[in-house]
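K.L.:
Sending over structure-v4.pdb (PDB, C-alpha atoms).
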```
ATOM      1  CA  MET B   1      16.421 -47.747 -15.757
ATOM      2  CA  GLY B   2      19.195 -46.147 -13.711
ATOM      3  CA  ILE B   3      21.492 -49.267 -13.847
ATOM      4  CA  ALA B   4      24.963 -48.840 -15.350
ATOM      5  CA  LEU B   5      27.134 -51.859 -16.233
ATOM      6  CA  LEU B   6      30.777 -51.042 -15.638
ATOM      7  CA  ALA B   7      33.100 -52.668 -18.189
ATOM      8  CA  SER B   8      36.411 -54.012 -16.902
ATOM      9  CA  ALA B   9      39.625 -52.465 -18.254
ATOM     10  CA  CYS B  10      41.504 -55.778 -17.807
ATOM     11  CA  GLY B  11      41.963 -58.334 -20.621
ATOM     12  CA  GLY B  12      40.520 -61.848 -20.480
ATOM     13  CA  GLY B  13      37.265 -60.717 -18.991
ATOM     14  CA  GLY B  14      35.231 -62.830 -21.424
ATOM     15  CA  GLY B  15      35.007 -66.634 -21.771
ATOM     16  CA  GLY B  16      36.937 -68.506 -24.412
ATOM     17  CA  ASP B  17      33.699 -69.402 -26.176
ATOM     18  CA  GLY B  18      32.904 -65.753 -26.878
ATOM     19  CA  THR B  19      30.385 -65.393 -24.058
ATOM     20  CA  GLN B  20      30.734 -62.546 -21.561
ATOM     21  CA  ALA B  21      30.990 -63.062 -17.855
ATOM     22  CA  GLU B  22      28.152 -61.891 -15.700
ATOM     23  CA  PRO B  23      28.985 -58.617 -13.934
ATOM     24  CA  SER B  24      29.751 -58.932 -10.274
ATOM     25  CA  SER B  25      27.623 -57.133  -7.723
ATOM     26  CA  ALA B  26      30.458 -54.608  -7.289
ATOM     27  CA  SER B  27      30.173 -53.608 -10.931
ATOM     28  CA  VAL B  28      26.516 -52.554 -10.644
ATOM     29  CA  ALA B  29      25.865 -48.907  -9.779
ATOM     30  CA  THR B  30      22.713 -46.889  -9.460
ATOM     31  CA  SER B  31      22.556 -43.252 -10.443
ATOM     32  CA  THR B  32      19.957 -40.817  -9.241
ATOM     33  CA  ALA B  33      19.397 -37.709 -11.335
ATOM     34  CA  PRO B  34      19.632 -34.573  -9.184
ATOM     35  CA  ALA B  35      16.382 -32.727  -8.679
ATOM     36  CA  THR B  36      16.191 -29.645 -10.851
ATOM     37  CA  PRO B  37      14.542 -26.757  -9.015
ATOM     38  CA  THR B  38      11.900 -24.946 -10.987
ATOM     39  CA  VAL B  39      12.323 -21.190 -11.091
ATOM     40  CA  ALA B  40       9.520 -19.010 -12.344
ATOM     41  CA  ALA B  41      10.532 -17.173 -15.491
ATOM     42  CA  HIS B  42       8.478 -14.198 -14.341
ATOM     43  CA  PRO B  43       8.310 -14.221 -10.527
ATOM     44  CA  VAL B  44       5.518 -12.573  -8.565
ATOM     45  CA  ALA B  45       5.315 -11.550  -4.939
ATOM     46  CA  THR B  46       4.113 -14.252  -2.597
ATOM     47  CA  ASP B  47       4.366 -12.117   0.530
ATOM     48  CA  THR B  48       4.386  -8.418   1.411
ATOM     49  CA  SER B  49       8.081  -8.708   2.307
ATOM     50  CA  ASP B  50       8.851  -9.402  -1.367
ATOM     51  CA  LEU B  51       7.512  -5.960  -2.247
ATOM     52  CA  ALA B  52       9.151  -4.298   0.760
ATOM     53  CA  GLY B  53      12.487  -5.101  -0.898
ATOM     54  CA  TYR B  54      11.900  -2.153  -3.238
ATOM     55  CA  CYS B  55      12.091   0.156  -0.218
ATOM     56  CA  TYR B  56      15.721  -0.641   0.620
ATOM     57  CA  GLY B  57      18.567   1.441  -0.788
ATOM     58  CA  HIS B  58      19.964  -1.468  -2.804
ATOM     59  CA  GLY B  59      16.544  -2.309  -4.222
ATOM     60  CA  PRO B  60      14.949  -5.758  -4.415
ATOM     61  CA  ALA B  61      16.988  -8.942  -4.740
ATOM     62  CA  LYS B  62      15.176  -9.554  -8.032
ATOM     63  CA  LEU B  63      12.613  -7.717 -10.086
ATOM     64  CA  LEU B  64       9.154  -9.196  -9.801
ATOM     65  CA  THR B  65       8.635  -9.227 -13.550
ATOM     66  CA  GLY B  66       5.498 -11.347 -13.219
ATOM     67  CA  GLN B  67       3.599  -8.588 -11.392
ATOM     68  CA  PRO B  68       0.728  -7.015 -13.322
ATOM     69  CA  ALA B  69       1.730  -3.957 -15.313
ATOM     70  CA  TYR B  70       0.833  -0.476 -14.142
ATOM     71  CA  ARG B  71      -1.722  -0.039 -16.884
ATOM     72  CA  GLY B  72      -5.378   0.701 -17.467
ATOM     73  CA  LYS B  73      -7.908   2.578 -15.356
ATOM     74  CA  GLY B  74      -7.559   3.109 -11.625
ATOM     75  CA  PRO B  75      -7.735   2.421  -8.841
ATOM     76  CA  HIS B  76      -4.445   0.578  -9.203
ATOM     77  CA  PRO B  77      -3.663  -1.852  -6.336
ATOM     78  CA  VAL B  78      -0.892  -0.407  -4.192
ATOM     79  CA  LEU B  79       0.895  -1.948  -1.240
ATOM     80  CA  LEU B  80       2.302   0.326   1.455
ATOM     81  CA  ALA B  81       5.680  -0.828   2.716
ATOM     82  CA  THR B  82       8.632   0.454   4.679
ATOM     83  CA  ALA B  83      12.274  -0.323   5.291
ATOM     84  CA  ASP B  84      11.910   1.001   8.839
ATOM     85  CA  PRO B  85      12.353  -1.966  11.211
ATOM     86  CA  THR B  86       9.888  -0.387  13.640
ATOM     87  CA  GLY B  87       7.147  -0.408  11.006
ATOM     88  CA  LEU B  88       4.519   2.241  10.451
ATOM     89  CA  SER B  89       1.780   1.849  13.049
ATOM     90  CA  VAL B  90       3.382   3.130  16.220
ATOM     91  CA  THR B  91       0.232   4.707  17.619
ATOM     92  CA  GLU B  92      -2.556   2.563  16.158
ATOM     93  CA  SER B  93      -3.460   5.406  13.830
ATOM     94  CA  PRO B  94      -4.545   3.439  10.771
ATOM     95  CA  ILE B  95      -2.749   2.609   7.617
ATOM     96  CA  PRO B  96      -5.461   2.377   4.941
ATOM     97  CA  SER B  97      -7.795  -0.483   5.633
ATOM     98  CA  PRO B  98     -11.094  -1.506   4.083
ATOM     99  CA  GLY B  99     -14.294  -0.175   5.531
ATOM    100  CA  GLU B 100     -12.681   2.563   7.603
ATOM    101  CA  THR B 101     -14.775   5.227   5.895
ATOM    102  CA  PRO B 102     -17.965   4.933   3.826
ATOM    103  CA  THR B 103     -16.070   6.097   0.733
ATOM    104  CA  ALA B 104     -13.011   3.874   1.193
ATOM    105  CA  PRO B 105     -11.750   2.255  -2.023
ATOM    106  CA  ALA B 106     -12.222  -1.412  -2.737
ATOM    107  CA  HIS B 107     -10.549  -3.829  -0.337
ATOM    108  CA  ASP B 108      -7.794  -4.727  -2.757
ATOM    109  CA  THR B 109      -6.692  -1.151  -3.489
ATOM    110  CA  TYR B 110      -4.557  -0.682  -0.389
ATOM    111  CA  HIS B 111      -4.480  -4.263   0.879
ATOM    112  CA  PRO B 112      -4.099  -6.247  -2.324
ATOM    113  CA  ASP B 113      -3.029  -9.811  -2.764
ATOM    114  CA  PRO B 114       0.747  -9.201  -3.094
ATOM    115  CA  ALA B 115       0.756 -10.976  -6.455
ATOM    116  CA  LYS B 116      -1.761  -8.421  -7.787
ATOM    117  CA  ALA B 117      -0.021  -5.227  -6.657
ATOM    118  CA  GLN B 118       0.757  -2.877  -9.528
ATOM    119  CA  LEU B 119       2.436  -0.339  -7.266
ATOM    120  CA  VAL B 120       4.475  -0.305  -4.089
ATOM    121  CA  ALA B 121       4.577   2.861  -1.974
ATOM    122  CA  CYS B 122       7.640   3.050   0.258
ATOM    123  CA  VAL B 123       6.998   5.139   3.376
ATOM    124  CA  VAL B 124       9.835   6.749   5.335
ATOM    125  CA  ASN B 125       9.354   8.562   8.641
ATOM    126  CA  GLU B 126      11.421  11.754   8.522
ATOM    127  CA  GLU B 127      11.047  12.025  12.324
ATOM    128  CA  THR B 128      10.180  15.695  12.201
ATOM    129  CA  GLY B 129       6.909  17.352  13.124
ATOM    130  CA  LYS B 130       5.160  19.499  15.666
ATOM    131  CA  LEU B 131       4.300  18.346  19.159
ATOM    132  CA  VAL B 132       0.628  17.366  19.281
ATOM    133  CA  THR B 133       0.200  16.394  22.927
ATOM    134  CA  THR B 134       2.065  15.147  25.989
ATOM    135  CA  CYS B 135       0.710  12.236  27.992
ATOM    136  CA  SER B 136       1.903  11.758  31.579
ATOM    137  CA  TYR B 137       1.337   8.625  33.621
ATOM    138  CA  LEU B 138       2.072   7.251  37.083
ATOM    139  CA  GLY B 139       5.651   6.269  37.687
ATOM    140  CA  ASP B 140       6.974   9.362  35.845
ATOM    141  CA  TYR B 141       6.265   7.854  32.427
ATOM    142  CA  VAL B 142       5.850  10.494  29.716
ATOM    143  CA  ARG B 143       4.954  10.033  26.059
ATOM    144  CA  TYR B 144       5.335  12.867  23.561
ATOM    145  CA  TYR B 145       3.126  12.459  20.511
ATOM    146  CA  ARG B 146       4.280  14.339  17.434
ATOM    147  CA  GLN B 147       2.757  14.759  14.007
ATOM    148  CA  GLY B 148       4.788  12.508  11.735
ATOM    149  CA  HIS B 149       6.256  13.794   8.478
ATOM    150  CA  TYR B 150       6.537  10.988   5.934
ATOM    151  CA  GLU B 151       8.105  10.742   2.490
ATOM    152  CA  ILE B 152       6.518   8.293   0.041
ATOM    153  CA  THR B 153       8.310   6.920  -3.024
ATOM    154  CA  VAL B 154       6.203   5.026  -5.553
ATOM    155  CA  TYR B 155       7.613   2.178  -7.678
ATOM    156  CA  GLU B 156       6.270  -0.169 -10.321
ATOM    157  CA  PRO B 157       7.356  -3.636  -9.094
ATOM    158  CA  ARG B 158       7.173  -5.177 -12.572
ATOM    159  CA  THR B 159       9.915  -2.913 -13.945
ATOM    160  CA  GLY B 160      11.481  -1.382 -10.842
ATOM    161  CA  ARG B 161      10.748   2.090 -12.256
ATOM    162  CA  LYS B 162      10.589   4.933  -9.762
ATOM    163  CA  LEU B 163       7.351   6.745 -10.597
ATOM    164  CA  GLY B 164       7.643   9.673  -8.214
ATOM    165  CA  THR B 165       7.712  10.913  -4.644
ATOM    166  CA  THR B 166       5.315  12.778  -2.409
ATOM    167  CA  GLU B 167       4.924  13.727   1.234
ATOM    168  CA  VAL B 168       2.186  13.183   3.760
ATOM    169  CA  LEU B 169       1.638  14.379   7.316
ATOM    170  CA  GLY B 170       0.458  12.297  10.229
ATOM    171  CA  ASP B 171      -2.568  13.083  12.339
ATOM    172  CA  ASP B 172      -2.512  16.407  14.161
ATOM    173  CA  HIS B 173      -4.579  15.274  17.134
ATOM    174  CA  TYR B 174      -4.330  12.523  19.712
ATOM    175  CA  THR B 175      -6.241  11.815  22.916
ATOM    176  CA  CYS B 176      -4.201  10.433  25.794
ATOM    177  CA  MET B 177      -5.381   7.063  27.051
ATOM    178  CA  ALA B 178      -6.569   6.994  30.643
ATOM    179  CA  GLN B 179      -4.506   3.915  31.488
ATOM    180  CA  VAL B 180      -1.438   2.491  29.790
ATOM    181  CA  SER B 181       0.651  -0.560  30.677
ATOM    182  CA  PHE B 182       4.420  -0.242  30.443
ATOM    183  CA  PHE B 183       6.864  -3.114  30.199
ATOM    184  CA  GLN B 184       9.826  -3.404  32.500
ATOM    185  CA  GLY B 185      12.802  -1.666  30.958
ATOM    186  CA  GLU B 186      10.790   0.757  28.815
ATOM    187  CA  PRO B 187      12.183   4.305  28.827
ATOM    188  CA  LYS B 188      10.414   6.731  31.102
ATOM    189  CA  SER B 189      10.333   9.363  28.368
ATOM    190  CA  LYS B 190       9.669   8.557  24.723
ATOM    191  CA  THR B 191       8.570  10.273  21.492
ATOM    192  CA  LEU B 192       5.975   8.595  19.259
ATOM    193  CA  TRP B 193       5.024   9.696  15.763
ATOM    194  CA  LEU B 194       1.412   9.895  14.642
ATOM    195  CA  ASP B 195       0.750   8.106  11.353
ATOM    196  CA  PRO B 196      -1.268   9.545   8.469
ATOM    197  CA  SER B 197      -4.971   8.824   8.305
ATOM    198  CA  LEU B 198      -6.602   6.919   5.465
ATOM    199  CA  PRO B 199      -7.820  10.098   3.719
ATOM    200  CA  ALA B 200      -4.299  11.563   3.910
ATOM    201  CA  TYR B 201      -2.784   8.473   2.261
ATOM    202  CA  ARG B 202      -5.489   8.435  -0.393
ATOM    203  CA  LYS B 203      -4.914  12.090  -1.257
ATOM    204  CA  ALA B 204      -1.137  11.688  -1.404
ATOM    205  CA  LEU B 205      -1.253   8.574  -3.608
ATOM    206  CA  ALA B 206      -4.171   9.620  -5.830
ATOM    207  CA  PRO B 207      -1.958  10.800  -8.738
ATOM    208  CA  TRP B 208      -0.712   7.210  -9.164
ATOM    209  CA  VAL B 209      -3.548   5.105  -7.786
ATOM    210  CA  ASN B 210      -6.301   6.838  -9.766
ATOM    211  CA  ALA B 211      -4.362   7.528 -12.961
ATOM    212  CA  VAL B 212      -5.412   6.177 -16.350
ATOM    213  CA  LYS B 213      -2.380   4.501 -17.910
ATOM    214  CA  SER B 214      -2.193   3.362 -21.518
TER     215      SER B 214
END
```
Starting from the file, give its structure as structure tokens.

P.N.:
Amino acid sequence: MGIALLASACGGGGGGDGTQAEPSSASVATSTAPATPTVAAHPVATDTSDLAGYCYGHGPAKLLTGQPAYRGKGPHPVLLATADPTGLSVTESPIPSPGETPTAPAHDTYHPDPAKAQLVACVVNEETGKLVTTCSYLGDYVRYYRQGHYEITVYEPRTGRKLGTTEVLGDDHYTCMAQVSFFQGEPKSKTLWLDPSLPAYRKALAPWVNAVKS
């Protein structure tokens, strides 16, 4: 019951009639077993950041071996991620999202529950591309919008296998907004990269997303 009786190392601790003395209060100790953390034998992603770890040069801290295998008929759930601290959506040009087009894949194809993702597509902005348009605003603010050039590397989170690479271009058109608010300290001149559209992502990732895997 968590109570340990500490025996004395000195002689004469017992009574002459063979009975033992009652332990003093100082000789009673309680022990509490340390809590043992439970670690999943086959971890799965609980957040998109767990899958984004595959996009860093050193790879993820641990393989998510509990993720579903890249197997069966497509479409295979894929999560788009990036190691770029600025993220992907710099111009509000959409990353794939459900309902954007009448023929968009099921909701969980490009925006799956992280624990159900069979693939992770790591997107890197190469920061090259043609100038699409220049937007000038009051106060000498200028924004140069360029067509982004992105490299995509596809991994299977369950095994960490690199499945292949492809490239995709950002949008080649952009309409300047009539009014834009700028924060104090923002640079007067700045280049922004246009992200790929949903159809462009779908076309680039189709060889993996739509594949039939045994």

K.L.:
When the PyMOL selection byres ((chain B and resi 145) around 7) is applied to the structure above, which residues does it catch, written out as number ranges by chain?

P.N.:
B: 131-134, 143-144, 146-147, 191-194

K.L.:
Give me, please, the distance in Å between atom CA of B:Thr166 and atom CA of B:Leu205, quoted to one decimal.

P.N.:
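Interatomic distance, atom CA of B:Thr166 to atom CA of B:Leu205: 7.9 Å.
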
K.L.:
Which residues fall under the PyMOL selection byres ((chain B and resi 182) around 12) in this file, as a ChimeraX atom specification?

P.N.:
/B:137-143,179-181,183-190

K.L.:
Put those residues in a file: C-alpha atoms, as an mmCIF file, in the coordinates of the input.

P.N.:
```cif
data_model
loop_
_atom_site.group_PDB
_atom_site.id
_atom_site.type_symbol
_atom_site.label_atom_id
_atom_site.label_comp_id
_atom_site.auth_asym_id
_atom_site.auth_seq_id
_atom_site.Cartn_x
_atom_site.Cartn_y
_atom_site.Cartn_z
ATOM 1 C CA TYR B 137 1.337 8.625 33.621
ATOM 2 C CA LEU B 138 2.072 7.251 37.083
ATOM 3 C CA GLY B 139 5.651 6.269 37.687
ATOM 4 C CA ASP B 140 6.974 9.362 35.845
ATOM 5 C CA TYR B 141 6.265 7.854 32.427
ATOM 6 C CA VAL B 142 5.850 10.494 29.716
ATOM 7 C CA ARG B 143 4.954 10.033 26.059
ATOM 8 C CA GLN B 179 -4.506 3.915 31.488
ATOM 9 C CA VAL B 180 -1.438 2.491 29.790
ATOM 10 C CA SER B 181 0.651 -0.560 30.677
ATOM 11 C CA PHE B 183 6.864 -3.114 30.199
ATOM 12 C CA GLN B 184 9.826 -3.404 32.500
ATOM 13 C CA GLY B 185 12.802 -1.666 30.958
ATOM 14 C CA GLU B 186 10.790 0.757 28.815
ATOM 15 C CA PRO B 187 12.183 4.305 28.827
ATOM 16 C CA LYS B 188 10.414 6.731 31.102
ATOM 17 C CA SER B 189 10.333 9.363 28.368
ATOM 18 C CA LYS B 190 9.669 8.557 24.723
#
```

K.L.:
Taking the file as I've supplied it (selection: the PyMOL selection byres ((chain B and resi 54) around 8)), which residues are included? Please answer as a PDB file with C-alpha atoms, in the coordinates of the input.

P.N.:
```
ATOM      1  CA  LEU B  51       7.512  -5.960  -2.247  1.00  0.00           C
ATOM      2  CA  ALA B  52       9.151  -4.298   0.760  1.00  0.00           C
ATOM      3  CA  GLY B  53      12.487  -5.101  -0.898  1.00  0.00           C
ATOM      4  CA  CYS B  55      12.091   0.156  -0.218  1.00  0.00           C
ATOM      5  CA  TYR B  56      15.721  -0.641   0.620  1.00  0.00           C
ATOM      6  CA  GLY B  57      18.567   1.441  -0.788  1.00  0.00           C
ATOM      7  CA  GLY B  59      16.544  -2.309  -4.222  1.00  0.00           C
ATOM      8  CA  PRO B  60      14.949  -5.758  -4.415  1.00  0.00           C
ATOM      9  CA  VAL B 120       4.475  -0.305  -4.089  1.00  0.00           C
ATOM     10  CA  CYS B 122       7.640   3.050   0.258  1.00  0.00           C
ATOM     11  CA  TYR B 155       7.613   2.178  -7.678  1.00  0.00           C
ATOM     12  CA  PRO B 157       7.356  -3.636  -9.094  1.00  0.00           C
ATOM     13  CA  GLY B 160      11.481  -1.382 -10.842  1.00  0.00           C
TER      14      GLY B 160
END
```

K.L.:
Record the distance separating atom CA of B:Thr153 and atom CA of B:Val168, expressed in Å with one decimal.

P.N.:
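Rounded to one decimal, the two atoms are 11.1 Å apart.
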
K.L.:
Which distance in Å separates atom CA of B:Tyr70 and atom CA of B:Thr46, to one decimal?

P.N.:
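Going from atom CA of B:Tyr70 over to atom CA of B:Thr46, I get 18.3 Å.
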
K.L.:
Using all atoms listed in the file, find the one residue out of B:Thr159, B:Ser214, B:Ser197, B:Thr128 that sits nearest to B:His42.

P.N.:
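Of B:Thr159, B:Ser214, B:Ser197, B:Thr128, the one nearest B:His42 is B:Thr159, counting all atoms listed in the file.
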